[in-house]
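> Once you've had a glance at the structure underneath, I'll fire off some questions.
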Amino acid sequence: MASIILEQVSVSFPVYSSATRSIKNRLIQSATGGQIRSESGSDRISVVQALQDINLRLESGDRIGLVGHNGAGKTTLLRVLGGIYEPNEGRVSIEGSTVPLFDISLGMDPESTGYENIVLRGLYLGLSRSQMRGRLEEIAEFTELGDFLNLPIRTYSAGMRMRLAFAVSTSVAPDILLIDEGIGAGDAAFLQKASERLKLFTEQVSIIVLSSHSEALISKMCTKAVLMEHGRVVGAGTTAEVLEQYRESRDGPLKAPAPEAEVPREPETLAEQSAVTAAREGSSEGSSEERADWADRTAHLLRERRWQDVDLDRLVGEVESLARPRP
Amino acid sequence: MTSGPRGLWKQLMTSSTTKVQSPLLQQLRHGLEPEQFRNAWRDILDGWHRRELWATLGLHDVRQRYRRSTLGPFWITISMGVMVFALGLLYGQIFGQELHEYLPFLAAGFVIWGLLSEMILGGCTTFIAAEGMIRQLNAPVSIYAYREVWSAVIAFAHNIWIFFAVAWWYDVGLSWNVLWVLPAVLILLLNGFWMALFFGLLSARFRDVPLIIGSLVQVLFFMTPVIWRPEMLPDRALFLQLNPFYHMVEILRAPMLGHAPAFENWFAVLLIAVFGWAITLFFYSAYRWRIAYWV
């Protein structure tokens with residue numbers, strides 16, 4: 001029985017710039033001291049909260065569609081489900097063999113022949129060489145590439161590569177299949193054949209999680225759906241319900257589902273980053289020390305969501321001076 | 001509040017999560033949970049079971065170098081051969097060495113150095129180079145370390161023919177000591193594997209590391225008796241003994257040239273392996289799960 005259980009899963013990314021990735025800066029940072037306070041050791045590293053407090057329980061037979069805006073955390077969630085990202089907090093338990101189909105042409109070697117690449121992709125999927133040899137005929141036949149399979153795939157067109165990758169990826173049914181965005185597969189005639197095969201293939205899979213912007217695809221393939229916003233699950237239920245909610249949140253008037261979501265996320269981080277950068281490199285009033293101090297304080301306030309305490313005029317000024325440096 | 005390392009540990013692992021905390025501390029705390037050690041160990045074992053995959057990837061890495069060239073794999077052998085003969089003739093003259101002794105010595109040293117430096121330099125890019133795959137594939141990340149070591153082994157298998165040719169030409173005597181080659185290669189690979197994991201991990205987080213290691217390896221090449229003989233350095237025994245690469249080269253070069261291995265070389269290399277693995281296992285347990293975020 002395949003199942004995936006997520007309990008209070010949170011994932012945050014530190015965004016490393018080249019500055020924090022260099023040992024020199026780390027050493028200088030620890031030598032100058034004092035600037036790294038215990039509660040704000042992250043001041044120099046912006047942290048993106050990609051997923052927050054996710055609770056999900058997926059069982060055999062589930063066909064889940066993930067919907068949400070760009071950057072809502074769909075791909076991150078898929079990677080957690082696939083066991084690629086281990087969350088900072090919370091528990092993940094995955095039962096069953098999992099195949100993530102994120103980038104269908106991942107890891108193809110352009111200099112190897114079509115046949116070699118079929119075997120290589122099989123190895124990626126966790127099959128052995130001898131298992132692949134048994135399937136080689138069937139896969140080769142499905143691709144309809146004929147003698148081209150003896151040529152290195154750098155000579156292939158994009159559509160031909162797609163056929164090859166598609167044929168291998170759908171030759172073995174895993175317990176859990178994770179799909180990011182739609183799988184396009186070549187010309188119309190092949191598409192017809194592919195969708196039949198996809199149907200047959202997906203019938204053998206016990207859990208499918210599909211992330212897509214295409215409502216048609218989601219309502220065709222999925223029985224349940226999950227709506228994500230700012231790294232949180234804001235809606236779960238049948239596909240029709242959730243898609244309705246998604247449409248409302250997208251087209252409807254600006255109604256806030258939760259008070260803390262009132263202010264959109266991007267400006268927050270942007271303002272926060274700009275404030276810090278402006279203070280570092282900018283050219284407005286105050287000694288650089290005072291300004292760095294102010295920036296740290298402002299970043300802290302923004303992070304705590306104490307909007308009313310932020311010196312808005314100065315923040316706007318700093319950001320503007322960043323965009324148009326004075327001579 | 002308790003003090004000492006025990007108290008510190010306790011404080012680190014139990015202090016309340018509700019307090020605002022540095023994400024770095026949170027990460028470390030997550031990494032130090034006991035199950036992470038089991039996960040890391042399982043990652044290494046599972047990686048071994050995927051050997052068909054990493055062996056193929058390693059082979060592709062080597063093939064990449066001579067793709068579509070006429071001589072193919074011979075290019076790797078030829079470039080090593082040209083290097084050994086040119087430097088052999090030059091330094092043989094400079095140091096006033098007999099070629100029939102100096103050339104086999106140089107060829108063996110070069111081939112072994114090639115293996116070591118390839119494992120270290122390749123090790124630095126273990127995870128960086130596999131960025132795309134790490135983020136798409138739910139495979140144990142140790143496979144990328146196996147892959148680097150394996151491609152170094154394949155290149156070594158190409159280069160060793162230069163030594164065979166030189167040894168045959170100058171008639172290097174065969175003795176039972178040659179059997180020591182096998183354990184020596186194994187212990188070197190064991191060391192190469194921890195280096196690939198450790199330096200790969202470090203490089204994924206700090207992108208300066210590959211550059212630092214790169215220049216260090218270059219310096220160490222001249223500090224290590226590869227083109228010069230240890231005997232040419234009469235009163236500097238300590239300088240030589242403290243160089244880990246001297247022991248790693250000598251442990252394999254001695255049996256290749258038919259000499260018995262020295263106890264001190266084996267002792268040093270085993271020590272490096274034990275310490276290296278201990279440090280690597282610690283860091284790999286604590287930070288293996290962050291690799292996917294770093295690359």
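Identifiers in this document derive from the order of the structure tokens: chains are assigned A, B, ..., residues are numbered from 1 separately in each chain, and ligands are numbered from 1 in order of occurrence.
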Would you give me, as a PyMOL selection string, the residues of chain B that come within 8 Å of chain A, using only C-alpha atoms?
chain B and resi 20-24+26-27+30+50+52-53+56+67+132-138+205-208+289-290+292-293
> Kindly save the residues from that selection, with N, CA, C and O atoms included, as a short mmCIF file (atom, residue, chain, number, x, y, z; two decimals), in the first residue's frame.

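Dumped to again.cif:
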```
data_model
loop_
_atom_site.label_atom_id
_atom_site.label_comp_id
_atom_site.auth_asym_id
_atom_site.auth_seq_id
_atom_site.Cartn_x
_atom_site.Cartn_y
_atom_site.Cartn_z
N VAL B 20 12.56 32.70 18.84
CA VAL B 20 13.08 33.00 17.51
C VAL B 20 14.52 32.50 17.46
O VAL B 20 15.32 32.83 18.34
N GLN B 21 14.84 31.72 16.43
CA GLN B 21 16.16 31.11 16.42
C GLN B 21 16.81 31.28 15.07
O GLN B 21 16.14 31.39 14.06
N SER B 22 18.10 31.33 15.10
CA SER B 22 18.82 31.43 13.84
C SER B 22 18.57 30.17 13.02
O SER B 22 18.63 29.05 13.56
N PRO B 23 18.28 30.31 11.74
CA PRO B 23 18.02 29.12 10.92
C PRO B 23 19.23 28.20 10.87
O PRO B 23 19.07 26.98 10.75
N LEU B 24 20.43 28.77 10.99
CA LEU B 24 21.62 27.92 10.94
C LEU B 24 21.65 26.97 12.14
O LEU B 24 22.00 25.80 12.01
N GLN B 26 19.03 26.01 13.81
CA GLN B 26 17.95 25.04 13.61
C GLN B 26 18.40 23.90 12.71
O GLN B 26 18.14 22.74 12.99
N GLN B 27 19.11 24.28 11.65
CA GLN B 27 19.60 23.26 10.72
C GLN B 27 20.53 22.30 11.40
O GLN B 27 20.41 21.09 11.27
N HIS B 30 18.69 19.96 13.62
CA HIS B 30 18.03 18.90 12.85
C HIS B 30 19.06 17.86 12.39
O HIS B 30 18.80 16.67 12.43
N ARG B 50 23.18 1.19 -6.12
CA ARG B 50 22.88 1.79 -7.43
C ARG B 50 24.12 1.83 -8.29
O ARG B 50 24.30 2.73 -9.10
N GLU B 52 25.17 0.26 -10.87
CA GLU B 52 25.04 0.27 -12.33
C GLU B 52 24.85 1.69 -12.84
O GLU B 52 25.36 2.05 -13.89
N LEU B 53 24.14 2.48 -12.06
CA LEU B 53 23.90 3.87 -12.47
C LEU B 53 25.19 4.68 -12.38
O LEU B 53 25.60 5.33 -13.34
N THR B 56 27.88 3.78 -14.89
CA THR B 56 27.59 4.30 -16.22
C THR B 56 27.89 5.79 -16.30
O THR B 56 28.50 6.27 -17.27
N ARG B 67 35.31 12.23 -26.77
CA ARG B 67 34.23 11.99 -27.70
C ARG B 67 34.58 12.47 -29.11
O ARG B 67 35.11 13.56 -29.28
N GLY B 132 21.60 19.44 -11.28
CA GLY B 132 20.32 19.14 -11.91
C GLY B 132 19.75 17.82 -11.43
O GLY B 132 18.57 17.72 -11.11
N MET B 133 20.61 16.81 -11.37
CA MET B 133 20.12 15.49 -10.99
C MET B 133 19.69 15.43 -9.54
O MET B 133 18.71 14.79 -9.20
N ILE B 134 20.45 16.12 -8.67
CA ILE B 134 20.11 16.08 -7.25
C ILE B 134 18.72 16.64 -7.02
O ILE B 134 17.96 16.14 -6.20
N ARG B 135 18.38 17.68 -7.80
CA ARG B 135 17.08 18.31 -7.57
C ARG B 135 15.93 17.61 -8.27
O ARG B 135 14.79 17.98 -8.10
N GLN B 136 16.25 16.63 -9.11
CA GLN B 136 15.18 15.97 -9.86
C GLN B 136 15.02 14.50 -9.51
O GLN B 136 14.02 13.90 -9.84
N LEU B 137 16.04 13.94 -8.91
CA LEU B 137 16.09 12.49 -8.80
C LEU B 137 16.09 12.12 -7.33
O LEU B 137 16.87 12.66 -6.55
N ASN B 138 15.20 11.20 -6.94
CA ASN B 138 15.21 10.82 -5.53
C ASN B 138 16.12 9.63 -5.30
O ASN B 138 15.70 8.57 -4.89
N ARG B 205 28.54 24.07 -0.31
CA ARG B 205 28.14 25.18 0.55
C ARG B 205 29.02 26.40 0.31
O ARG B 205 28.54 27.50 0.19
N PHE B 206 30.33 26.19 0.28
CA PHE B 206 31.26 27.30 0.10
C PHE B 206 31.93 27.16 -1.26
O PHE B 206 32.79 26.29 -1.45
N ARG B 207 31.56 28.01 -2.18
CA ARG B 207 32.04 27.82 -3.55
C ARG B 207 33.50 28.22 -3.75
O ARG B 207 34.03 28.10 -4.85
N ASP B 208 34.16 28.69 -2.69
CA ASP B 208 35.59 28.99 -2.80
C ASP B 208 36.42 27.72 -2.67
O ASP B 208 37.57 27.68 -3.09
N TRP B 289 21.37 16.26 4.33
CA TRP B 289 20.00 16.63 3.95
C TRP B 289 19.93 18.06 3.41
O TRP B 289 18.95 18.46 2.80
N ARG B 290 20.99 18.87 3.63
CA ARG B 290 20.97 20.24 3.11
C ARG B 290 21.49 20.33 1.68
O ARG B 290 21.35 21.37 1.04
N ALA B 292 20.60 19.20 -1.16
CA ALA B 292 19.62 19.53 -2.20
C ALA B 292 19.26 21.02 -2.17
O ALA B 292 18.90 21.60 -3.19
N TYR B 293 19.37 21.65 -0.99
CA TYR B 293 19.07 23.07 -0.90
C TYR B 293 20.25 23.92 -1.36
O TYR B 293 20.08 25.04 -1.80
#
```
> Would you kindly return, as a PDB file with C-alpha atoms, in the first residue's frame, each protein, DNA or RNA residue with an atom no farther than 6 Å from any atom of range 187-194 of chain B, considering only C-alpha atoms and excluding same-chain residues fewer than 3 positions away?

```pdb
ATOM      1  CA  MET B 119      39.753  12.011  -6.776  1.00  0.00           C
ATOM      2  CA  ALA B 184      47.208  -0.236  -1.514  1.00  0.00           C
ATOM      3  CA  LEU B 197      31.989  13.178   0.112  1.00  0.00           C
ATOM      4  CA  PHE B 198      33.671  15.674   2.411  1.00  0.00           C
ATOM      5  CA  ALA B 273      41.438   6.874   6.466  1.00  0.00           C
ATOM      6  CA  TRP B 277      35.990   8.869   7.686  1.00  0.00           C
TER       7      TRP B 277
END
```
> Extract the full set of strand (DSSP E) residues from range 114-223 of chain A according to DSSP on the backbone, and format it as a PDB file with N, CA and C atoms, in the first residue's frame.

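Output contents, as saved in out.pdb:
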```pdb
ATOM      1  N   ILE A 176       4.127   5.618  -6.593  1.00  0.00           N
ATOM      2  CA  ILE A 176       3.781   7.031  -6.456  1.00  0.00           C
ATOM      3  C   ILE A 176       4.405   7.795  -7.613  1.00  0.00           C
ATOM      4  N   LEU A 177       3.615   8.560  -8.290  1.00  0.00           N
ATOM      5  CA  LEU A 177       4.120   9.338  -9.414  1.00  0.00           C
ATOM      6  C   LEU A 177       3.905  10.819  -9.133  1.00  0.00           C
ATOM      7  N   LEU A 178       4.984  11.588  -9.277  1.00  0.00           N
ATOM      8  CA  LEU A 178       4.888  13.028  -9.045  1.00  0.00           C
ATOM      9  C   LEU A 178       5.182  13.736 -10.356  1.00  0.00           C
ATOM     10  N   ILE A 179       4.243  14.546 -10.814  1.00  0.00           N
ATOM     11  CA  ILE A 179       4.411  15.200 -12.106  1.00  0.00           C
ATOM     12  C   ILE A 179       4.360  16.703 -11.934  1.00  0.00           C
ATOM     13  N   ASP A 180       5.356  17.388 -12.489  1.00  0.00           N
ATOM     14  CA  ASP A 180       5.378  18.847 -12.442  1.00  0.00           C
ATOM     15  C   ASP A 180       5.017  19.367 -13.823  1.00  0.00           C
ATOM     16  N   ILE A 207      -0.693   6.358  -6.351  1.00  0.00           N
ATOM     17  CA  ILE A 207      -0.872   7.763  -5.998  1.00  0.00           C
ATOM     18  C   ILE A 207      -0.264   8.638  -7.082  1.00  0.00           C
ATOM     19  N   ILE A 208      -1.021   9.619  -7.537  1.00  0.00           N
ATOM     20  CA  ILE A 208      -0.449  10.588  -8.475  1.00  0.00           C
ATOM     21  C   ILE A 208      -0.615  11.975  -7.886  1.00  0.00           C
ATOM     22  N   VAL A 209       0.461  12.731  -7.898  1.00  0.00           N
ATOM     23  CA  VAL A 209       0.348  14.140  -7.543  1.00  0.00           C
ATOM     24  C   VAL A 209       0.775  14.931  -8.760  1.00  0.00           C
ATOM     25  N   LEU A 210      -0.102  15.781  -9.234  1.00  0.00           N
ATOM     26  CA  LEU A 210       0.154  16.525 -10.456  1.00  0.00           C
ATOM     27  C   LEU A 210       0.084  18.008 -10.160  1.00  0.00           C
ATOM     28  N   SER A 211       1.157  18.709 -10.492  1.00  0.00           N
ATOM     29  CA  SER A 211       1.132  20.153 -10.310  1.00  0.00           C
ATOM     30  C   SER A 211       1.001  20.795 -11.663  1.00  0.00           C
TER      31      SER A 211
END
```
> Which residues are close to His60 in chain B, i.e. within 12 Å by only C-alpha atoms, leaving aside same-chain residues fewer than 3 positions away? Reply as a JSON list (two decimals) with N, CA and C atoms, in the first residue's frame.

```json
[["chain", "number", "residue", "atom", "x", "y", "z"],
["A", 107, "GLY", "N", 19.09, 14.28, -17.67],
["A", 107, "GLY", "CA", 20.21, 13.35, -17.67],
["A", 107, "GLY", "C", 20.38, 12.54, -18.93],
["A", 108, "MET", "N", 19.86, 13.01, -20.05],
["A", 108, "MET", "CA", 20.12, 12.28, -21.27],
["A", 108, "MET", "C", 21.50, 12.67, -21.77],
["A", 109, "ASP", "N", 22.23, 11.70, -22.24],
["A", 109, "ASP", "CA", 23.58, 11.97, -22.70],
["A", 109, "ASP", "C", 23.55, 12.19, -24.21],
["A", 110, "PRO", "N", 23.82, 13.41, -24.66],
["A", 110, "PRO", "CA", 23.64, 13.72, -26.09],
["A", 110, "PRO", "C", 24.56, 12.90, -27.01],
["A", 111, "GLU", "N", 25.68, 12.42, -26.47],
["A", 111, "GLU", "CA", 26.61, 11.71, -27.33],
["A", 111, "GLU", "C", 26.29, 10.21, -27.43],
["A", 112, "SER", "N", 25.43, 9.73, -26.54],
["A", 112, "SER", "CA", 25.10, 8.31, -26.58],
["A", 112, "SER", "C", 23.94, 8.08, -27.54],
["A", 116, "GLU", "N", 21.24, 3.47, -25.93],
["A", 116, "GLU", "CA", 22.01, 3.68, -24.70],
["A", 116, "GLU", "C", 21.26, 4.59, -23.74],
["A", 117, "ASN", "N", 20.60, 5.59, -24.31],
["A", 117, "ASN", "CA", 19.86, 6.52, -23.46],
["A", 117, "ASN", "C", 18.61, 5.88, -22.84],
["A", 120, "LEU", "N", 20.04, 4.14, -19.95],
["A", 120, "LEU", "CA", 20.47, 5.13, -18.95],
["A", 120, "LEU", "C", 19.27, 5.67, -18.16],
["B", 53, "LEU", "N", 24.14, 2.48, -12.06],
["B", 53, "LEU", "CA", 23.90, 3.87, -12.47],
["B", 53, "LEU", "C", 25.19, 4.68, -12.38],
["B", 54, "TRP", "N", 25.86, 4.68, -11.21],
["B", 54, "TRP", "CA", 27.03, 5.54, -11.10],
["B", 54, "TRP", "C", 28.20, 5.05, -11.94],
["B", 55, "ALA", "N", 28.26, 3.73, -12.16],
["B", 55, "ALA", "CA", 29.34, 3.24, -13.03],
["B", 55, "ALA", "C", 29.14, 3.78, -14.45],
["B", 56, "THR", "N", 27.88, 3.78, -14.89],
["B", 56, "THR", "CA", 27.59, 4.30, -16.22],
["B", 56, "THR", "C", 27.89, 5.79, -16.30],
["B", 57, "LEU", "N", 27.48, 6.53, -15.27],
["B", 57, "LEU", "CA", 27.71, 7.97, -15.28],
["B", 57, "LEU", "C", 29.21, 8.28, -15.26],
["B", 63, "ARG", "N", 34.39, 9.33, -20.98],
["B", 63, "ARG", "CA", 34.21, 9.31, -22.44],
["B", 63, "ARG", "C", 34.01, 10.70, -23.01],
["B", 64, "GLN", "N", 33.41, 11.56, -22.16],
["B", 64, "GLN", "CA", 33.15, 12.93, -22.58],
["B", 64, "GLN", "C", 34.43, 13.63, -23.06],
["B", 65, "ARG", "N", 35.57, 13.21, -22.47],
["B", 65, "ARG", "CA", 36.83, 13.92, -22.75],
["B", 65, "ARG", "C", 37.35, 13.63, -24.16],
["B", 66, "TYR", "N", 37.02, 12.45, -24.68],
["B", 66, "TYR", "CA", 37.61, 12.15, -25.99],
["B", 66, "TYR", "C", 36.54, 11.80, -27.03],
["B", 67, "ARG", "N", 35.31, 12.23, -26.77],
["B", 67, "ARG", "CA", 34.23, 11.99, -27.70],
["B", 67, "ARG", "C", 34.58, 12.47, -29.11],
["B", 73, "PRO", "N", 40.03, 6.71, -26.47],
["B", 73, "PRO", "CA", 40.60, 6.59, -25.13],
["B", 73, "PRO", "C", 42.12, 6.71, -25.10],
["B", 147, "ARG", "N", 30.47, 8.04, -8.22],
["B", 147, "ARG", "CA", 30.69, 8.35, -9.63],
["B", 147, "ARG", "C", 32.03, 9.03, -9.85],
["B", 148, "GLU", "N", 32.37, 10.00, -8.97],
["B", 148, "GLU", "CA", 33.65, 10.70, -9.12],
["B", 148, "GLU", "C", 34.82, 9.75, -8.92],
["B", 150, "TRP", "N", 34.82, 6.56, -9.27],
["B", 150, "TRP", "CA", 34.86, 5.59, -10.35],
["B", 150, "TRP", "C", 35.48, 6.18, -11.62],
["B", 151, "SER", "N", 35.16, 7.43, -11.94],
["B", 151, "SER", "CA", 35.75, 8.00, -13.16],
["B", 151, "SER", "C", 37.25, 8.22, -12.96],
["B", 152, "ALA", "N", 37.68, 8.48, -11.70],
["B", 152, "ALA", "CA", 39.12, 8.57, -11.44],
["B", 152, "ALA", "C", 39.78, 7.21, -11.65],
["B", 154, "ILE", "N", 38.76, 4.85, -13.68],
["B", 154, "ILE", "CA", 38.81, 4.55, -15.11],
["B", 154, "ILE", "C", 39.98, 5.28, -15.76],
["B", 155, "ALA", "N", 40.18, 6.55, -15.38],
["B", 155, "ALA", "CA", 41.31, 7.28, -15.93],
["B", 155, "ALA", "C", 42.63, 6.63, -15.50]]
```
> To test your reading of the structure, identify every residue in range 37-235 of chain B that backbone DSSP assigns to helix (DSSP H, G or I), and report it as a PyMOL selection string.
chain B and resi 37-49+51-66+74-94+99-124+131-136+142-169+176-205+209-223+230-232
> Can you work out which one of B:Pro34, B:Gly276, B:Gly88, B:Pro104 has the shortest atom-to-atom distance to Trp169 in chain B, counting only C-alpha atoms?
B:Pro104
> I want to know what sits within 6 Å of Ile64 in chain A, based on only C-alpha atoms, with residues of the same chain fewer than 5 positions away left out; could you give that as a PDB file with all heavy atoms, in the first residue's frame?

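And here's around_36.pdb as it stands now:
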```
ATOM      1  N   VAL A 209       0.461  12.731  -7.898  1.00  0.00           N
ATOM      2  CA  VAL A 209       0.348  14.140  -7.543  1.00  0.00           C
ATOM      3  C   VAL A 209       0.775  14.931  -8.760  1.00  0.00           C
ATOM      4  O   VAL A 209       1.867  14.733  -9.285  1.00  0.00           O
ATOM      5  CB  VAL A 209       1.234  14.489  -6.336  1.00  0.00           C
ATOM      6  CG1 VAL A 209       1.020  15.948  -5.955  1.00  0.00           C
ATOM      7  CG2 VAL A 209       0.926  13.599  -5.153  1.00  0.00           C
ATOM      8  N   CYS A 222      -7.499  14.447 -12.068  1.00  0.00           N
ATOM      9  CA  CYS A 222      -7.462  14.348 -10.610  1.00  0.00           C
ATOM     10  C   CYS A 222      -8.845  14.248 -10.005  1.00  0.00           C
ATOM     11  O   CYS A 222      -9.826  14.763 -10.532  1.00  0.00           O
ATOM     12  CB  CYS A 222      -6.746  15.560 -10.022  1.00  0.00           C
ATOM     13  SG  CYS A 222      -5.110  15.760 -10.698  1.00  0.00           S
ATOM     14  N   LYS A 224      -8.993  14.791  -6.462  1.00  0.00           N
ATOM     15  CA  LYS A 224      -8.904  15.752  -5.356  1.00  0.00           C
ATOM     16  C   LYS A 224      -7.917  16.841  -5.753  1.00  0.00           C
ATOM     17  O   LYS A 224      -7.114  16.656  -6.661  1.00  0.00           O
ATOM     18  CB  LYS A 224      -8.377  15.072  -4.084  1.00  0.00           C
ATOM     19  CG  LYS A 224      -9.305  14.049  -3.507  1.00  0.00           C
ATOM     20  CD  LYS A 224      -8.678  13.486  -2.262  1.00  0.00           C
ATOM     21  CE  LYS A 224      -9.425  12.277  -1.749  1.00  0.00           C
ATOM     22  NZ  LYS A 224      -8.676  11.629  -0.673  1.00  0.00           N
ATOM     23  N   ALA A 225      -7.986  17.948  -5.052  1.00  0.00           N
ATOM     24  CA  ALA A 225      -7.035  19.001  -5.345  1.00  0.00           C
ATOM     25  C   ALA A 225      -6.653  19.737  -4.078  1.00  0.00           C
ATOM     26  O   ALA A 225      -7.365  19.681  -3.068  1.00  0.00           O
ATOM     27  CB  ALA A 225      -7.607  19.977  -6.367  1.00  0.00           C
TER      28      ALA A 225
END
```
> Using only C-alpha atoms, determine which residues lie at most 8 Å from Ala50 in chain A, disregarding the query and same-chain residues fewer than 5 positions distant; provide the list as a list in words.
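Skipping anything fewer than 5 positions along the chain leaves Ser10, Val11, Ser12, Phe13, Ala72, Gly73, Thr76, His230 and Gly231 of chain A.
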> Any idea what's packed within 12 Å of Leu90 in chain B, counting only C-alpha atoms, ignoring anything in its chain fewer than 6 positions away? Could you give it as a PyMOL selection string?
chain B and resi 83-84+96-99+102-103+106+227-228
> Could you dump the residues just selected with C-alpha atoms as a CSV table (one decimal), in the first residue's frame?

```
chain,number,residue,atom,x,y,z
B,83,MET,CA,54.3,14.1,-20.0
B,84,VAL,CA,56.3,11.3,-18.4
B,96,GLY,CA,71.8,13.5,-12.9
B,97,GLN,CA,69.7,10.3,-12.6
B,98,GLU,CA,70.1,7.0,-14.4
B,99,LEU,CA,67.1,6.8,-16.7
B,102,TYR,CA,64.4,7.3,-12.8
B,103,LEU,CA,61.8,6.8,-15.6
B,106,LEU,CA,58.6,9.0,-12.4
B,227,ILE,CA,59.5,14.2,-9.8
B,228,TRP,CA,62.1,14.1,-7.1
```
> Go through B:Gly173, B:Pro255, B:Gly200, B:Pro244 one by one, measure the shortest atom-to-atom distance of each to Phe267 in chain B using only C-alpha atoms, and give the residue with the smallest value.
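Closest to Phe267 in chain B of all the choices is B:Pro244.
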> Applying 8 Å and only C-alpha atoms, which residues near Tyr246 in chain A remain after dropping the ones on its own chain fewer than 5 positions away? List them as a list in words.
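The filter keeps Val67, Gly68 and Leu227 of chain A.
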> Please produce a file of the residues just selected, as a short mmCIF file (atom, residue, chain, number, x, y, z; two decimals), in the first residue's frame, where the atoms kept are N, CA and C atoms.

```cif
data_model
loop_
_atom_site.label_atom_id
_atom_site.label_comp_id
_atom_site.auth_asym_id
_atom_site.auth_seq_id
_atom_site.Cartn_x
_atom_site.Cartn_y
_atom_site.Cartn_z
N VAL A 67 -2.70 23.14 -7.18
CA VAL A 67 -2.87 24.40 -7.89
C VAL A 67 -2.39 25.54 -7.02
N GLY A 68 -2.12 26.65 -7.66
CA GLY A 68 -1.63 27.82 -6.95
C GLY A 68 -0.85 28.70 -7.89
N LEU A 227 -5.08 23.56 -2.89
CA LEU A 227 -4.73 24.91 -3.32
C LEU A 227 -3.65 25.45 -2.39
#
```
> What separation in Å, quoted to one decimal, exists between CA of Trp168 in chain B and CA of Val153 in chain B?
22.3 Å
> Could you tell me which of B:Met232, B:Met195, B:Leu28, B:Ile251 comes closest to Ala278 in chain B if we count only C-alpha atoms?
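Of the candidates, the smallest distance to Ala278 in chain B is held by B:Met195.
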> I need the residue nearest Ile54 in chain A from this list: A:Ser93, A:Ser3, A:Ser288, A:Gln8. Use only C-alpha atoms for the distance.
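Of all the options, A:Gln8 lies closest to Ile54 in chain A.
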> So the first atom is CA of His100 in chain B and the second is CA of Val269 in chain B; what is the distance between them in Å, to one decimal place?
28.9 Å
